[in-house]
$ cat data_33.tsv   # TSV, C-alpha atoms
chain	number	residue	atom	x	y	z
H	1	MET	CA	136.78	93.72	115.42
H	2	ILE	CA	133.16	94.75	114.90
H	3	LYS	CA	132.34	94.63	111.18
H	4	ILE	CA	129.83	97.22	110.02
H	5	VAL	CA	127.78	97.98	106.89
H	6	ILE	CA	126.26	101.47	106.62
H	7	ALA	CA	123.22	102.29	104.48
H	8	GLU	CA	122.56	106.00	103.93
H	9	ASP	CA	121.37	107.74	100.74
H	10	GLN	CA	123.09	111.08	101.49
H	11	GLN	CA	126.65	110.56	100.27
H	12	MET	CA	128.19	113.16	102.57
H	13	LEU	CA	126.64	111.57	105.66
H	14	LEU	CA	127.58	108.10	104.43
H	15	GLY	CA	131.22	109.20	104.15
H	16	ALA	CA	131.15	110.97	107.53
H	17	PHE	CA	129.66	107.98	109.39
H	18	GLY	CA	132.16	105.67	107.72
H	19	SER	CA	135.15	107.86	108.69
H	20	LEU	CA	133.92	108.32	112.27
H	21	LEU	CA	133.44	104.62	112.88
H	22	ASN	CA	136.73	103.65	111.21
H	23	LEU	CA	138.51	105.86	113.79
H	24	GLU	CA	137.34	103.50	116.54
H	25	ASP	CA	139.97	100.87	117.40
H	26	ASP	CA	137.46	98.03	117.55
H	27	MET	CA	135.38	98.83	114.45
H	28	GLU	CA	135.74	98.42	110.71
H	29	VAL	CA	133.28	99.62	108.05
H	30	VAL	CA	133.26	96.80	105.47
H	31	GLY	CA	130.57	98.16	103.16
H	32	LYS	CA	128.59	101.30	102.30
H	33	ALA	CA	125.18	101.26	100.62
H	34	SER	CA	123.04	104.11	99.32
H	35	ASN	CA	119.70	102.25	99.49
H	36	GLY	CA	118.00	99.29	101.19
H	37	GLU	CA	118.55	96.93	98.24
H	38	GLU	CA	122.33	97.48	98.29
H	39	ALA	CA	122.36	97.13	102.09
H	40	VAL	CA	120.76	93.66	101.93
H	41	THR	CA	123.24	92.59	99.21
H	42	LEU	CA	126.26	93.87	101.20
H	43	VAL	CA	125.08	92.22	104.42
H	44	LYS	CA	124.70	88.87	102.64
H	45	LYS	CA	128.11	89.30	101.00
H	46	PHE	CA	130.23	90.55	103.94
H	47	ARG	CA	128.27	89.02	106.87
H	48	PRO	CA	128.88	92.06	109.14
H	49	ASP	CA	128.01	92.13	112.84
H	50	ILE	CA	126.02	95.34	112.52
H	51	CYS	CA	124.14	97.15	109.75
H	52	ILE	CA	123.41	100.84	110.38
H	53	MET	CA	120.39	101.81	108.33
H	54	ASP	CA	118.69	105.05	107.40
H	55	ILE	CA	114.90	104.75	106.94
H	56	GLU	CA	113.95	106.85	103.94
H	57	MET	CA	116.07	105.73	101.00
H	58	PRO	CA	115.23	105.29	97.31
H	59	GLY	CA	113.92	101.91	96.16
H	60	LYS	CA	113.84	99.79	99.28
H	61	SER	CA	113.49	101.69	102.58
H	62	GLY	CA	115.58	100.93	105.65
H	63	LEU	CA	112.57	99.36	107.36
H	64	GLU	CA	111.90	97.04	104.41
H	65	ALA	CA	115.58	96.05	104.38
H	66	ALA	CA	115.52	95.47	108.16
H	67	GLU	CA	112.45	93.22	107.75
H	68	GLU	CA	114.26	91.27	105.04
H	69	LEU	CA	117.39	90.89	107.19
H	70	LYS	CA	115.48	89.57	110.21
H	71	GLY	CA	117.04	86.27	111.23
H	72	VAL	CA	120.16	86.69	109.03
H	73	GLY	CA	122.40	87.08	112.09
H	74	CYS	CA	123.30	90.73	111.52
H	75	LYS	CA	122.05	93.22	114.11
H	76	VAL	CA	120.32	96.26	112.61
H	77	ILE	CA	120.53	99.77	114.09
H	78	ILE	CA	118.19	102.34	112.55
H	79	LEU	CA	119.73	105.81	112.40
H	80	THR	CA	117.20	108.38	111.22
H	81	THR	CA	115.94	111.94	111.51
H	82	PHE	CA	112.37	110.67	111.95
H	83	ALA	CA	111.10	110.23	115.52
H	84	ARG	CA	107.78	108.83	114.27
H	85	THR	CA	106.01	106.38	116.52
H	86	GLY	CA	104.66	104.40	113.54
H	87	TYR	CA	108.18	103.89	112.15
H	88	PHE	CA	109.45	102.90	115.57
H	89	GLN	CA	106.67	100.34	116.05
H	90	ARG	CA	107.47	98.80	112.66
H	91	ALA	CA	111.20	98.75	113.46
H	92	LEU	CA	110.48	96.92	116.73
H	93	LYS	CA	108.43	94.31	114.82
H	94	ALA	CA	111.36	93.87	112.41
H	95	GLY	CA	113.52	93.05	115.43
H	96	VAL	CA	115.99	95.94	115.15
H	97	SER	CA	118.54	96.17	117.96
H	98	GLY	CA	118.74	99.95	118.02
H	99	TYR	CA	116.81	103.02	116.89
H	100	LEU	CA	118.78	106.27	117.16
H	101	LEU	CA	118.17	109.79	115.95
H	102	LYS	CA	120.74	111.57	113.76
H	103	ASP	CA	120.90	114.56	116.08
H	104	SER	CA	122.42	112.36	118.83
H	105	PRO	CA	126.11	113.08	119.65
H	106	SER	CA	128.55	111.14	117.43
H	107	GLU	CA	130.23	109.28	120.32
H	108	GLU	CA	126.79	107.91	121.22
H	109	LEU	CA	126.76	105.95	117.94
H	110	ALA	CA	129.99	104.06	118.72
H	111	ASN	CA	128.83	103.36	122.30
H	112	SER	CA	125.45	102.16	121.05
H	113	ILE	CA	127.16	99.77	118.62
H	114	ARG	CA	129.20	98.27	121.48
H	115	ASN	CA	126.10	97.98	123.66
H	116	VAL	CA	124.16	96.25	120.87
H	117	MET	CA	127.09	93.87	120.34
H	118	SER	CA	126.92	92.96	124.04
H	119	GLY	CA	123.28	91.96	123.58
H	120	ARG	CA	121.48	95.13	124.67
H	121	ARG	CA	118.82	97.01	122.75
H	122	ILE	CA	119.23	100.77	122.42
H	123	TYR	CA	116.29	103.05	121.60
H	124	ALA	CA	116.21	106.86	121.56
H	125	PRO	CA	114.57	108.03	124.82
H	126	GLU	CA	112.29	110.44	122.89
H	127	LEU	CA	110.69	107.45	121.17
H	128	MET	CA	110.19	105.51	124.37
H	129	ASP	CA	108.32	108.51	125.78
H	130	ASP	CA	106.12	108.63	122.68
H	131	VAL	CA	105.34	104.94	122.71
H	132	TYR	CA	104.79	104.40	126.39
H	133	GLY	CA	104.05	107.90	127.58
H	134	GLU	CA	100.92	108.55	125.58
H	135	GLU	CA	97.86	106.95	127.07
H	136	ASN	CA	94.92	105.94	124.92
H	137	PRO	CA	92.14	108.41	125.87
H	138	LEU	CA	89.33	106.03	124.84
H	139	THR	CA	87.26	103.97	127.28
H	140	ASP	CA	87.13	100.18	126.83
H	141	ARG	CA	83.73	100.46	125.10
H	142	GLU	CA	84.99	103.18	122.74
H	143	LYS	CA	88.04	101.05	121.88
H	144	GLU	CA	85.72	98.14	121.15
H	145	VAL	CA	83.59	100.29	118.81
H	146	LEU	CA	86.68	101.63	116.99
H	147	GLU	CA	88.13	98.14	116.55
H	148	LEU	CA	84.84	96.97	114.99
H	149	VAL	CA	84.91	100.02	112.68
H	150	ALA	CA	88.50	99.04	111.73
H	151	ASP	CA	87.26	95.51	110.98
H	152	GLY	CA	84.95	97.05	108.35
H	153	LYS	CA	81.69	96.72	110.32
H	154	ASN	CA	78.95	99.30	109.67
H	155	THR	CA	76.88	101.07	112.34
H	156	LYS	CA	74.06	98.49	112.22
H	157	GLU	CA	76.48	95.52	112.53
H	158	ILE	CA	78.30	97.17	115.45
H	159	ALA	CA	74.97	97.83	117.19
H	160	GLU	CA	73.96	94.15	116.79
H	161	LYS	CA	77.33	92.84	117.93
H	162	LEU	CA	77.38	95.02	121.08
H	163	SER	CA	73.60	94.78	121.71
H	164	ILE	CA	73.13	98.54	121.64
H	165	LYS	CA	71.10	100.95	119.46
H	166	THR	CA	72.50	102.35	116.20
H	167	GLY	CA	72.10	105.87	117.63
H	168	THR	CA	74.33	104.89	120.55
H	169	VAL	CA	76.98	103.60	118.12
H	170	ARG	CA	76.87	106.97	116.29
H	171	ASN	CA	77.28	108.77	119.62
H	172	TYR	CA	80.31	106.61	120.46
H	173	ILE	CA	81.88	107.33	117.07
H	174	SER	CA	81.44	111.10	117.44
H	175	ILE	CA	82.96	110.94	120.97
H	176	ILE	CA	85.92	108.91	119.59
H	177	LEU	CA	86.54	111.49	116.82
H	178	ASP	CA	86.40	114.33	119.38
H	179	LYS	CA	88.76	112.62	121.82
H	180	LEU	CA	91.31	111.73	119.15
H	181	GLU	CA	90.90	115.18	117.51
H	182	VAL	CA	90.39	113.68	114.04
H	183	LYS	CA	87.88	114.42	111.25
H	184	ASN	CA	86.72	110.93	110.31
H	185	ARG	CA	86.81	107.22	111.09
H	186	ILE	CA	89.78	106.51	108.78
H	187	GLU	CA	91.94	109.09	110.58
H	188	ALA	CA	90.88	107.62	113.93
H	189	ILE	CA	91.90	104.11	112.80
H	190	THR	CA	95.21	105.34	111.31
H	191	GLN	CA	96.14	107.25	114.48
H	192	SER	CA	95.31	104.29	116.73
H	193	LYS	CA	97.39	101.94	114.57
H	194	GLU	CA	100.37	104.35	114.51
H	195	LYS	CA	100.30	104.67	118.29
H	196	GLY	CA	100.02	100.91	118.71
H	197	TRP	CA	96.66	101.15	120.52
H	198	PHE	CA	94.96	98.29	118.71
H	199	LYS	CA	95.32	94.84	120.25
$ encode --input "data_33.tsv" --output "structure tokens"
Amino acid sequence: MIKIVIAEDQQMLLGAFGSLLNLEDDMEVVGKASNGEEAVTLVKKFRPDICIMDIEMPGKSGLEAAEELKGVGCKVIILTTFARTGYFQRALKAGVSGYLLKDSPSEELANSIRNVMSGRRIYAPELMDDVYGEENPLTDREKEVLELVADGKNTKEIAEKLSIKTGTVRNYISIILDKLEVKNRIEAITQSKEKGWFK
């Protein structure tokens, strides 16, 4: 029997997921949490095989709870409405075994749980396209300049480090902003981090 804890802050969904999974012959929902804090407590108490976690919950988010549960021996599946690359990257770092979107068919959830139990990792195909399908439009030199900007270096320091003129650094920065379609350096850095383009 696969023991499951579900964490979801919308009570109606929490009940629905619980009922659906309890209908499966090989699954039993042993605990239901309405936030990340409760989820961590229930996982430590019931030692389930799987914890299904929403991301945006009051108090502790699903991602924070997943990070805390890393290495506890319970596999975490994120089930969310948010197909955001930044969230997905963070979930991967937290070692989650699955990342599914709530608009997936309900039978997919039970199949995904069985697949995760057999040692596979299951990620929504839309997210894989986002993560691996989007190429970084910057050249190697532009990436280098942006990484130095992200390290807090000013134009003069970047010019010295790369042995180029300060005017050339400014040109690079304006090309970077154009290519990434952002207004300023901070947005450029944020976008590159979210897309996992920094080393």
$ closest_residue --input "data_33.tsv" --among "H:Ile4, H:Ala39, H:Ala124, H:Val72" --to "H:Ser104" --atoms "all atoms listed in the file"
H:Ala124
$ atom_distance --input "data_33.tsv" --atom1 "atom CA of H:Leu63" --atom2 "atom CA of H:Glu28"
23.4 Å
$ closest_residue --input "data_33.tsv" --among "H:Ala33, H:Leu92, H:Ile158, H:Ala188" --to "H:Leu13" --atoms "all atoms listed in the file"
H:Ala33
$ residues_near_point --input "data_33.tsv" --point "(122.6, 89.2, 107.2)" --cutoff "9 Å" --atoms "all atoms listed in the file" --output "list in words"
Val40, Thr41, Leu42, Val43, Lys44, Lys45, Phe46, Arg47, Pro48, Asp49, Ile50, Cys51, Glu68, Leu69, Lys70, Gly71, Val72, Gly73, Cys74 and Lys75 of chain H
$ atom_distance --input "data_33.tsv" --atom1 "atom CA of H:Val169" --atom2 "atom CA of H:Thr155"
6.3 Å
$ residues_around --input "data_33.tsv" --residues "H:Asp25" --least-positions-apart "6" --cutoff "12 Å" --atoms "only C-alpha atoms" --output "PDB file with C-alpha atoms, keeping the file's coordinate frame"
ATOM      1  CA  MET H   1     136.780  93.720 115.420  1.00  0.00           C
ATOM      2  CA  ILE H   2     133.160  94.750 114.900  1.00  0.00           C
ATOM      3  CA  LYS H   3     132.340  94.630 111.180  1.00  0.00           C
ATOM      4  CA  ALA H 110     129.990 104.060 118.720  1.00  0.00           C
ATOM      5  CA  ARG H 114     129.200  98.270 121.480  1.00  0.00           C
TER       6      ARG H 114
END
$ atom_distance --input "data_33.tsv" --atom1 "atom CA of H:Glu147" --atom2 "atom CA of H:Tyr172"
12.2 Å
$ residues_around --input "data_33.tsv" --residues "stretch 173-185 of chain H" --least-positions-apart "2" --cutoff "8 Å" --atoms "all atoms listed in the file" --output "mmCIF file with C-alpha atoms, in the coordinates of the input"
data_model
loop_
_atom_site.group_PDB
_atom_site.id
_atom_site.type_symbol
_atom_site.label_atom_id
_atom_site.label_comp_id
_atom_site.auth_asym_id
_atom_site.auth_seq_id
_atom_site.Cartn_x
_atom_site.Cartn_y
_atom_site.Cartn_z
ATOM 1 C CA PRO H 137 92.140 108.410 125.870
ATOM 2 C CA LEU H 138 89.330 106.030 124.840
ATOM 3 C CA GLU H 142 84.990 103.180 122.740
ATOM 4 C CA VAL H 145 83.590 100.290 118.810
ATOM 5 C CA LEU H 146 86.680 101.630 116.990
ATOM 6 C CA VAL H 149 84.910 100.020 112.680
ATOM 7 C CA VAL H 169 76.980 103.600 118.120
ATOM 8 C CA ARG H 170 76.870 106.970 116.290
ATOM 9 C CA ASN H 171 77.280 108.770 119.620
ATOM 10 C CA GLU H 187 91.940 109.090 110.580
ATOM 11 C CA ALA H 188 90.880 107.620 113.930
ATOM 12 C CA ILE H 189 91.900 104.110 112.800
#
